[in-house]
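Structure data (compact mmCIF, C-alpha atoms and all ligand atoms) from coords.txt:
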# COMPACT_ATOMS: atom_id res chain seq x y z
CA MET A 1 -45.29 -8.90 -30.37
CA ASN A 2 -45.52 -12.43 -28.98
CA ARG A 3 -44.05 -12.69 -25.49
CA LEU A 4 -42.70 -15.89 -24.03
CA HIS A 5 -44.32 -17.10 -20.88
CA PRO A 6 -41.90 -16.36 -18.00
CA GLN A 7 -41.72 -20.04 -17.02
CA ILE A 8 -40.73 -21.11 -20.57
CA MET A 9 -38.16 -18.32 -20.75
CA TYR A 10 -36.82 -19.28 -17.33
CA ALA A 11 -36.44 -22.95 -18.35
CA SER A 12 -34.50 -21.95 -21.49
CA VAL A 13 -32.16 -19.71 -19.54
CA ARG A 14 -31.65 -22.38 -16.91
CA GLU A 15 -30.65 -24.94 -19.57
CA TYR A 16 -28.33 -22.40 -21.17
CA LEU A 17 -26.67 -21.63 -17.85
CA GLN A 18 -26.21 -25.30 -17.06
CA GLU A 19 -24.57 -25.86 -20.44
CA LEU A 20 -22.23 -22.94 -19.84
CA GLU A 21 -21.37 -24.24 -16.41
CA GLU A 22 -20.62 -27.74 -17.69
CA SER A 23 -18.35 -26.15 -20.29
CA GLY A 24 -16.27 -24.58 -17.52
CA VAL A 25 -17.59 -21.02 -17.86
CA ASP A 26 -17.38 -19.45 -14.41
CA GLY A 27 -18.89 -16.06 -14.99
CA LEU A 28 -21.47 -14.24 -17.04
CA PRO A 29 -21.37 -10.84 -18.69
CA PHE A 30 -23.17 -8.25 -16.61
CA GLU A 31 -26.04 -7.97 -19.09
CA VAL A 32 -26.73 -11.69 -19.01
CA ALA A 33 -26.48 -11.81 -15.23
CA LEU A 34 -28.90 -8.88 -15.09
CA GLN A 35 -31.36 -10.64 -17.39
CA GLN A 36 -31.07 -13.73 -15.25
CA SER A 37 -31.77 -11.81 -12.07
CA GLU A 38 -34.72 -10.05 -13.71
CA LEU A 39 -36.08 -13.38 -14.84
CA SER A 40 -35.56 -14.76 -11.36
CA ARG A 41 -37.44 -11.83 -9.88
CA GLY A 42 -40.29 -12.37 -12.35
CA ARG A 43 -40.43 -16.01 -11.49
CA GLU A 44 -40.34 -15.36 -7.76
CA ALA A 45 -43.21 -12.94 -8.12
CA GLU A 46 -45.13 -15.58 -9.98
CA GLN A 47 -44.31 -18.64 -7.93
CA GLN A 48 -43.14 -17.22 -4.61
CA GLN A 49 -40.57 -20.00 -4.52
CA PRO A 50 -36.81 -19.86 -3.84
CA ALA A 51 -34.51 -20.56 -6.84
CA GLN A 52 -34.31 -24.26 -7.61
CA PHE A 53 -30.85 -24.21 -9.19
CA SER A 54 -27.42 -22.81 -8.57
CA THR A 55 -25.28 -21.25 -11.28
CA ALA A 56 -22.25 -21.51 -9.01
CA ARG A 57 -19.44 -23.72 -10.21
CA PRO A 58 -18.83 -26.72 -7.92
CA GLN A 59 -16.25 -25.80 -5.31
CA THR A 60 -15.28 -29.32 -4.28
CA LEU A 61 -14.76 -32.62 -6.06
CA ASP A 62 -17.64 -34.05 -4.09
CA GLU A 63 -19.96 -31.31 -5.37
CA LEU A 64 -18.77 -31.91 -8.92
CA PHE A 65 -19.23 -35.66 -8.55
CA LYS A 66 -22.79 -35.11 -7.36
CA ARG A 67 -23.40 -32.68 -10.23
CA ILE A 68 -22.25 -35.29 -12.77
CA GLY A 69 -24.52 -37.83 -11.08
CA ASP A 70 -25.77 -40.71 -13.17
CA CYS A 71 -24.54 -38.95 -16.29
CA GLN A 72 -26.30 -39.82 -19.53
CA ARG A 73 -24.88 -36.94 -21.51
CA CYS A 74 -23.21 -39.17 -24.13
CA ASP A 75 -23.53 -42.68 -25.55
CA LEU A 76 -20.73 -44.04 -23.37
CA SER A 77 -23.19 -44.09 -20.49
CA HIS A 78 -24.95 -47.11 -22.08
CA GLY A 79 -21.97 -49.46 -21.87
CA ARG A 80 -20.49 -48.55 -18.52
CA THR A 81 -20.71 -50.47 -15.27
CA ASN A 82 -19.36 -47.58 -13.20
CA LEU A 83 -18.56 -44.00 -13.97
CA VAL A 84 -14.89 -43.51 -13.06
CA PHE A 85 -14.62 -40.00 -11.68
CA GLY A 86 -11.09 -39.95 -10.27
CA ALA A 87 -9.28 -40.65 -7.02
CA GLY A 88 -6.72 -39.12 -4.75
CA TYR A 89 -5.99 -35.98 -2.79
CA GLU A 90 -8.27 -33.02 -3.48
CA LYS A 91 -5.44 -30.54 -2.87
CA ALA A 92 -2.82 -32.53 -4.74
CA ARG A 93 0.13 -30.63 -6.17
CA LEU A 94 0.41 -33.22 -8.90
CA VAL A 95 -2.35 -34.67 -11.09
CA PHE A 96 -2.03 -37.58 -13.51
CA VAL A 97 -4.51 -37.57 -16.39
CA GLY A 98 -5.07 -40.69 -18.49
CA GLU A 99 -7.36 -41.44 -21.39
CA ALA A 100 -10.42 -43.43 -20.32
CA PRO A 101 -11.29 -46.29 -17.94
CA GLY A 102 -10.42 -49.83 -18.99
CA ALA A 103 -12.25 -53.00 -18.02
CA ASP A 104 -10.82 -53.17 -14.47
CA GLU A 105 -11.52 -49.50 -13.84
CA ASP A 106 -15.05 -49.82 -15.19
CA ARG A 107 -15.70 -52.78 -12.87
CA GLN A 108 -14.26 -51.11 -9.77
CA GLY A 109 -15.16 -47.49 -10.47
CA GLN A 110 -11.58 -46.44 -9.76
CA PRO A 111 -8.94 -45.08 -12.13
CA PHE A 112 -5.76 -47.00 -12.95
CA VAL A 113 -6.41 -50.17 -10.96
CA GLY A 114 -5.47 -52.77 -13.59
CA GLU A 115 -2.04 -53.77 -14.79
CA ALA A 116 -1.35 -50.32 -16.15
CA GLY A 117 -2.44 -48.97 -12.78
CA LEU A 118 0.21 -51.05 -11.10
CA VAL A 119 2.85 -49.54 -13.38
CA LEU A 120 1.59 -46.06 -12.52
CA THR A 121 1.61 -46.86 -8.79
CA ARG A 122 5.21 -48.07 -9.04
CA LEU A 123 6.17 -44.92 -10.88
CA ILE A 124 4.54 -42.69 -8.27
CA GLU A 125 6.28 -44.60 -5.48
CA ALA A 126 9.60 -44.42 -7.32
CA MET A 127 9.12 -40.65 -7.23
CA GLY A 128 8.98 -40.87 -3.44
CA LEU A 129 5.23 -40.25 -3.36
CA LYS A 130 2.09 -42.22 -2.55
CA ARG A 131 -1.05 -42.49 -4.67
CA ALA A 132 -2.98 -40.81 -1.86
CA GLN A 133 -0.79 -37.71 -2.23
CA VAL A 134 -1.58 -37.17 -5.91
CA TYR A 135 -4.79 -37.13 -7.92
CA ILE A 136 -5.48 -39.55 -10.76
CA CYS A 137 -8.25 -39.28 -13.33
CA ASN A 138 -9.04 -39.64 -17.01
CA VAL A 139 -10.26 -37.33 -19.74
CA ILE A 140 -13.26 -39.62 -20.33
CA LYS A 141 -15.17 -40.89 -17.32
CA CYS A 142 -16.94 -43.92 -18.85
CA ARG A 143 -15.36 -46.89 -20.57
CA PRO A 144 -15.67 -47.00 -24.36
CA SER A 145 -16.85 -50.52 -25.17
CA ALA A 146 -14.23 -52.91 -26.56
CA ASN A 147 -11.67 -50.24 -25.72
CA ARG A 148 -12.53 -48.31 -28.86
CA ASN A 149 -11.34 -44.73 -29.12
CA PRO A 150 -13.83 -42.21 -27.78
CA HIS A 151 -15.63 -40.23 -30.46
CA LYS A 152 -15.12 -36.52 -30.82
CA ASP A 153 -18.59 -35.65 -29.54
CA GLU A 154 -18.03 -37.88 -26.50
CA ILE A 155 -14.74 -36.13 -25.77
CA ASN A 156 -16.33 -32.71 -26.18
CA THR A 157 -19.17 -33.70 -23.87
CA CYS A 158 -17.02 -35.19 -21.13
CA ALA A 159 -13.85 -33.06 -21.18
CA PRO A 160 -15.47 -30.13 -19.32
CA PHE A 161 -15.68 -32.39 -16.25
CA LEU A 162 -11.89 -32.77 -16.35
CA THR A 163 -11.56 -29.02 -16.72
CA GLN A 164 -13.67 -28.53 -13.61
CA GLN A 165 -11.72 -31.16 -11.67
CA LEU A 166 -8.48 -29.38 -12.48
CA GLN A 167 -9.99 -26.00 -11.63
CA ILE A 168 -11.00 -27.34 -8.21
CA ILE A 169 -7.70 -29.11 -7.47
CA LYS A 170 -5.46 -26.37 -8.89
CA PRO A 171 -2.41 -28.61 -9.18
CA GLU A 172 1.06 -27.19 -9.67
CA VAL A 173 1.90 -29.77 -12.33
CA ILE A 174 -0.18 -32.06 -14.57
CA VAL A 175 1.22 -35.23 -16.08
CA ALA A 176 -0.62 -36.22 -19.26
CA LEU A 177 -0.39 -39.98 -19.68
CA GLY A 178 -0.29 -40.88 -23.35
CA THR A 179 -1.19 -39.31 -26.65
CA PHE A 180 -4.91 -38.93 -26.10
CA ALA A 181 -4.67 -37.12 -22.75
CA ALA A 182 -1.85 -34.88 -23.97
CA GLN A 183 -3.59 -34.00 -27.23
CA THR A 184 -6.87 -33.28 -25.44
CA LEU A 185 -5.31 -31.08 -22.77
CA LEU A 186 -3.00 -29.26 -25.16
CA GLU A 187 -5.49 -29.15 -28.02
CA ASN A 188 -3.07 -30.34 -30.66
CA LYS A 189 -2.39 -33.39 -32.81
CA GLU A 190 1.28 -33.86 -31.97
CA PRO A 191 2.57 -37.39 -31.36
CA ILE A 192 3.45 -38.09 -27.74
CA SER A 193 7.07 -38.81 -28.71
CA ARG A 194 7.40 -35.19 -29.82
CA MET A 195 5.55 -33.68 -26.86
CA ARG A 196 7.17 -35.59 -24.01
CA GLY A 197 10.36 -34.45 -22.36
CA GLN A 198 9.36 -30.81 -22.03
CA PHE A 199 6.75 -28.80 -20.21
CA HIS A 200 3.72 -27.42 -22.01
CA SER A 201 0.93 -25.36 -20.48
CA TRP A 202 -2.72 -25.88 -19.66
CA HIS A 203 -4.20 -22.54 -18.55
CA GLY A 204 -0.84 -21.60 -17.04
CA ILE A 205 -0.30 -24.95 -15.28
CA PRO A 206 2.79 -26.84 -16.49
CA VAL A 207 1.90 -30.07 -18.28
CA MET A 208 4.41 -32.86 -18.78
CA PRO A 209 3.24 -35.34 -21.43
CA THR A 210 4.73 -38.79 -21.09
CA PHE A 211 4.13 -42.33 -22.29
CA HIS A 212 1.02 -44.10 -21.01
CA PRO A 213 1.68 -46.97 -18.55
CA SER A 214 -0.09 -49.33 -21.00
CA PHE A 215 2.44 -48.39 -23.66
CA LEU A 216 5.24 -49.34 -21.25
CA LEU A 217 3.51 -52.65 -20.57
CA HIS A 218 3.15 -53.43 -24.25
CA ASN A 219 6.75 -52.54 -24.97
CA LYS A 220 8.43 -54.17 -22.02
CA GLU A 221 11.44 -55.15 -24.06
CA ASN A 222 12.30 -51.54 -24.80
CA LYS A 223 13.70 -50.30 -21.51
CA GLN A 224 14.48 -46.91 -23.03
CA HIS A 225 10.78 -46.01 -22.80
CA TYR A 226 10.93 -46.53 -19.01
CA TRP A 227 13.95 -44.28 -18.79
CA ASP A 228 12.25 -41.67 -20.93
CA VAL A 229 9.29 -41.68 -18.55
CA TRP A 230 11.59 -41.52 -15.54
CA SER A 231 13.44 -38.60 -17.08
CA ASP A 232 10.07 -36.82 -17.52
CA MET A 233 9.22 -37.51 -13.86
CA GLU A 234 12.58 -36.15 -12.74
CA GLN A 235 11.63 -32.88 -14.42
CA VAL A 236 8.24 -32.99 -12.69
CA LEU A 237 9.88 -33.49 -9.29
CA ARG A 238 12.28 -30.61 -9.92
CA LYS A 239 9.38 -28.38 -10.94
CA LEU A 240 7.65 -29.29 -7.66
CA LYS A 241 10.93 -28.67 -5.78
CA LEU A 242 10.84 -32.22 -4.45
CA PRO A 243 13.87 -34.47 -4.00
CA VAL A 244 14.75 -36.54 -7.07
CA PRO A 245 15.54 -40.15 -6.08
CA GLU A 246 18.59 -41.47 -7.81
CA LYS A 247 17.95 -44.29 -10.28
CA LYS A 248 20.77 -46.12 -11.89
CA LYS A 249 20.37 -47.66 -15.32
CA ARG A 250 21.19 -51.33 -15.35
CA ALA A 251 23.33 -52.37 -18.30
S1 LIG A 301 -18.34 -40.29 -20.74
FE1 LIG A 301 -18.63 -38.40 -19.60
S2 LIG A 301 -20.26 -37.30 -20.68
FE2 LIG A 301 -20.34 -39.44 -21.35
S3 LIG A 301 -21.83 -40.40 -19.98
FE3 LIG A 301 -19.78 -40.71 -19.07
S4 LIG A 301 -19.53 -38.99 -17.63
FE4 LIG A 301 -21.22 -38.48 -19.01

Is it possible to give me this structure as C-alpha cells?
Ligand code: SF4
Amino acid sequence: MNRLHPQIMYASVREYLQELEESGVDGLPFEVALQQSELSRGREAEQQQPAQFSTARPQTLDELFKRIGDCQRCDLSHGRTNLVFGAGYEKARLVFVGEAPGADEDRQGQPFVGEAGLVLTRLIEAMGLKRAQVYICNVIKCRPSANRNPHKDEINTCAPFLTQQLQIIKPEVIVALGTFAAQTLLENKEPISRMRGQFHSWHGIPVMPTFHPSFLLHNKENKQHYWDVWSDMEQVLRKLKLPVPEKKKRA
C-alpha cells in the first residue's frame, strides 16, 4: 500500500484544521485529535521542530484580526482599500451587525463612519450609550465594488469571521441592521419588516433585527420607520435591563 510522506500528510491536516477553525469549529472529535497528535509526534521525530501552527481559536479580537491578516480568501479582496474588521468595546453587552462596508468605511477602515454611521451613532446615543460601549461590525469585511450585493460564496467565506467575533465578545444582545445582516445571522429569507419588532436567536443570544440606518436615510419622509427602530431599541434596552429614555413623538 502506498503511504503518504508524513510532511505531505501533515500539510493536508494543517489545511483541514485551518478551514475548520475559520468555520468556527472549536473542537475536534477525539479520534481526529489523536491522529493530529500522532502526526505531530511523527513530524517532531522527523524535524525536531516545535509545532508551527496553533489549532486554538483566537481568544481576543486582536488575535482574530491578526489571523485574518491581509485576507485574500475571496474576490472582494481585490477591490478593497481597507479591510473593515469592526470597532468598539471587546466586552460589549450589545453588538450591532451591518451588511458590508460602504465607500467611507472602505476608505477609513472603520465601520459605519459615513452618513448612515451618523444615524447609527445618534441612535446609540439616544439609547443613553456611547459608540465606545458597544461593538459595531459587518457580516462582510471588504467593500463589494459599486455597492453590489455580496455573492453567496463571498458571504460563506467571510461570515465565519463574524461568528468568531461574536464568540469572542459574547454579547447579551445583537442588533441586526437590515435585511442582509438579519437573514445571514438567522439563516432565513424573511423580509426585515416581518422579522423586526421581536427577538430571534443566534446560538442562544437574542437578536433584534431592525431597519438599516441607510434605509432610514433613504426614507426620511416616513417618520414611522424611525419610530419602529426606536421601538426595537426600547426592547433591546429592556432586555439589557438598562433605562429606557423617554421619546415623545412629534405630531
Ligand atoms: S470579504 Fe472577508 S473573506 Fe473576502 S477577502 Fe475580505 S475579509 Fe477575506

Kindly assemble as CSV a list of the chain A residues that lie within 6 Å of ligand LIG 301 (chain A), each paired with its nearest atom pair and their distance in Å to one decimal, using all atoms listed in the file, sorted first by chain and then by ascending residue number.
residue,atom,partner,partner_atom,distance
A:Cys71,CA,A:LIG301,FE4,4.3
A:Gln72,CA,A:LIG301,S3,4.5
A:Arg73,CA,A:LIG301,FE4,4.7
A:Cys74,CA,A:LIG301,FE2,4.0
A:Leu76,CA,A:LIG301,FE2,5.0
A:Ser77,CA,A:LIG301,S3,4.0
A:Ile140,CA,A:LIG301,S1,5.1
A:Lys141,CA,A:LIG301,S1,4.7
A:Cys142,CA,A:LIG301,FE3,4.3
A:Glu154,CA,A:LIG301,FE2,5.9
A:Thr157,CA,A:LIG301,S2,4.9
A:Cys158,CA,A:LIG301,S2,3.9

* Asked: What's the 7 Å shell around range 111-120 of chain A, counting all atoms listed in the file, without same-chain residues fewer than 4 positions away, as a PyMOL selection string?
  -> chain A and resi 84+86-87+101+104-105+124+136-137+213-214+217

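Closest approach to Lys170 in chain A among A:Lys241, A:Asn82, A:Tyr135, A:Thr121 is made by A:Tyr135 (distances from all atoms listed in the file).
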
* **Straight-line distance linking CA of Arg93 in chain A with CA of Arg143 in chain A, stated in Å to one decimal** => 26.7 Å

Please list as a PDB file with C-alpha atoms, in the frame of the given file every residue within 12 Å of Phe96 in chain A, counting all atoms listed in the file and excluding residues in the same chain fewer than 6 positions away.
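This went into result06.pdb:
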ATOM      1  CA  GLY A  86     -11.090 -39.950 -10.270  1.00  0.00           C
ATOM      2  CA  ALA A  87      -9.280 -40.650  -7.020  1.00  0.00           C
ATOM      3  CA  GLY A  88      -6.720 -39.120  -4.750  1.00  0.00           C
ATOM      4  CA  TYR A  89      -5.990 -35.980  -2.790  1.00  0.00           C
ATOM      5  CA  PRO A 111      -8.940 -45.080 -12.130  1.00  0.00           C
ATOM      6  CA  PHE A 112      -5.760 -47.000 -12.950  1.00  0.00           C
ATOM      7  CA  GLY A 117      -2.440 -48.970 -12.780  1.00  0.00           C
ATOM      8  CA  LEU A 120       1.590 -46.060 -12.520  1.00  0.00           C
ATOM      9  CA  THR A 121       1.610 -46.860  -8.790  1.00  0.00           C
ATOM     10  CA  LEU A 123       6.170 -44.920 -10.880  1.00  0.00           C
ATOM     11  CA  ILE A 124       4.540 -42.690  -8.270  1.00  0.00           C
ATOM     12  CA  ARG A 131      -1.050 -42.490  -4.670  1.00  0.00           C
ATOM     13  CA  GLN A 133      -0.790 -37.710  -2.230  1.00  0.00           C
ATOM     14  CA  VAL A 134      -1.580 -37.170  -5.910  1.00  0.00           C
ATOM     15  CA  TYR A 135      -4.790 -37.130  -7.920  1.00  0.00           C
ATOM     16  CA  ILE A 136      -5.480 -39.550 -10.760  1.00  0.00           C
ATOM     17  CA  CYS A 137      -8.250 -39.280 -13.330  1.00  0.00           C
ATOM     18  CA  ASN A 138      -9.040 -39.640 -17.010  1.00  0.00           C
ATOM     19  CA  VAL A 139     -10.260 -37.330 -19.740  1.00  0.00           C
ATOM     20  CA  LEU A 162     -11.890 -32.770 -16.350  1.00  0.00           C
ATOM     21  CA  GLN A 165     -11.720 -31.160 -11.670  1.00  0.00           C
ATOM     22  CA  LEU A 166      -8.480 -29.380 -12.480  1.00  0.00           C
ATOM     23  CA  ILE A 169      -7.700 -29.110  -7.470  1.00  0.00           C
ATOM     24  CA  PRO A 171      -2.410 -28.610  -9.180  1.00  0.00           C
ATOM     25  CA  GLU A 172       1.060 -27.190  -9.670  1.00  0.00           C
ATOM     26  CA  VAL A 173       1.900 -29.770 -12.330  1.00  0.00           C
ATOM     27  CA  ILE A 174      -0.180 -32.060 -14.570  1.00  0.00           C
ATOM     28  CA  VAL A 175       1.220 -35.230 -16.080  1.00  0.00           C
ATOM     29  CA  ALA A 176      -0.620 -36.220 -19.260  1.00  0.00           C
ATOM     30  CA  LEU A 177      -0.390 -39.980 -19.680  1.00  0.00           C
ATOM     31  CA  GLY A 178      -0.290 -40.880 -23.350  1.00  0.00           C
ATOM     32  CA  ALA A 181      -4.670 -37.120 -22.750  1.00  0.00           C
ATOM     33  CA  ALA A 182      -1.850 -34.880 -23.970  1.00  0.00           C
ATOM     34  CA  LEU A 185      -5.310 -31.080 -22.770  1.00  0.00           C
ATOM     35  CA  VAL A 207       1.900 -30.070 -18.280  1.00  0.00           C
ATOM     36  CA  MET A 208       4.410 -32.860 -18.780  1.00  0.00           C
ATOM     37  CA  PRO A 209       3.240 -35.340 -21.430  1.00  0.00           C
ATOM     38  CA  THR A 210       4.730 -38.790 -21.090  1.00  0.00           C
ATOM     39  CA  PHE A 211       4.130 -42.330 -22.290  1.00  0.00           C
ATOM     40  CA  HIS A 212       1.020 -44.100 -21.010  1.00  0.00           C
ATOM     41  CA  PRO A 213       1.680 -46.970 -18.550  1.00  0.00           C
ATOM     42  CA  MET A 233       9.220 -37.510 -13.860  1.00  0.00           C
ATOM     43  CA  VAL A 236       8.240 -32.990 -12.690  1.00  0.00           C
TER      44      VAL A 236
END

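Nearest residue to Arg107 in chain A among A:His218, A:Arg57, A:Lys66, A:Arg80 is A:Arg80, counting only C-alpha atoms.
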
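Taking CA of His203 in chain A and CA of Lys91 in chain A as the two end points, the separation is 17.6 Å.
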
* Structure fact -> note - CA of Phe180 in chain A and CA of Ala92 in chain A are separated by 22.4 Å

Enclose range 189-194 of chain A, meaning all of its atoms listed in the file, in a box aligned along x, y and z, pad it by 4 Å on each side, and list the centre and edge lengths in Å to one decimal, as AutoDock Vina command-line options.
--center_x 2.5 --center_y -36.1 --center_z -30.3 --size_x 17.8 --size_y 13.4 --size_z 13.1

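With distances taken over all atoms listed in the file, A:Gln167 is the one residue among A:Ser193, A:Thr184, A:Ser231, A:Gln167 lying closest to Gln59 in chain A.
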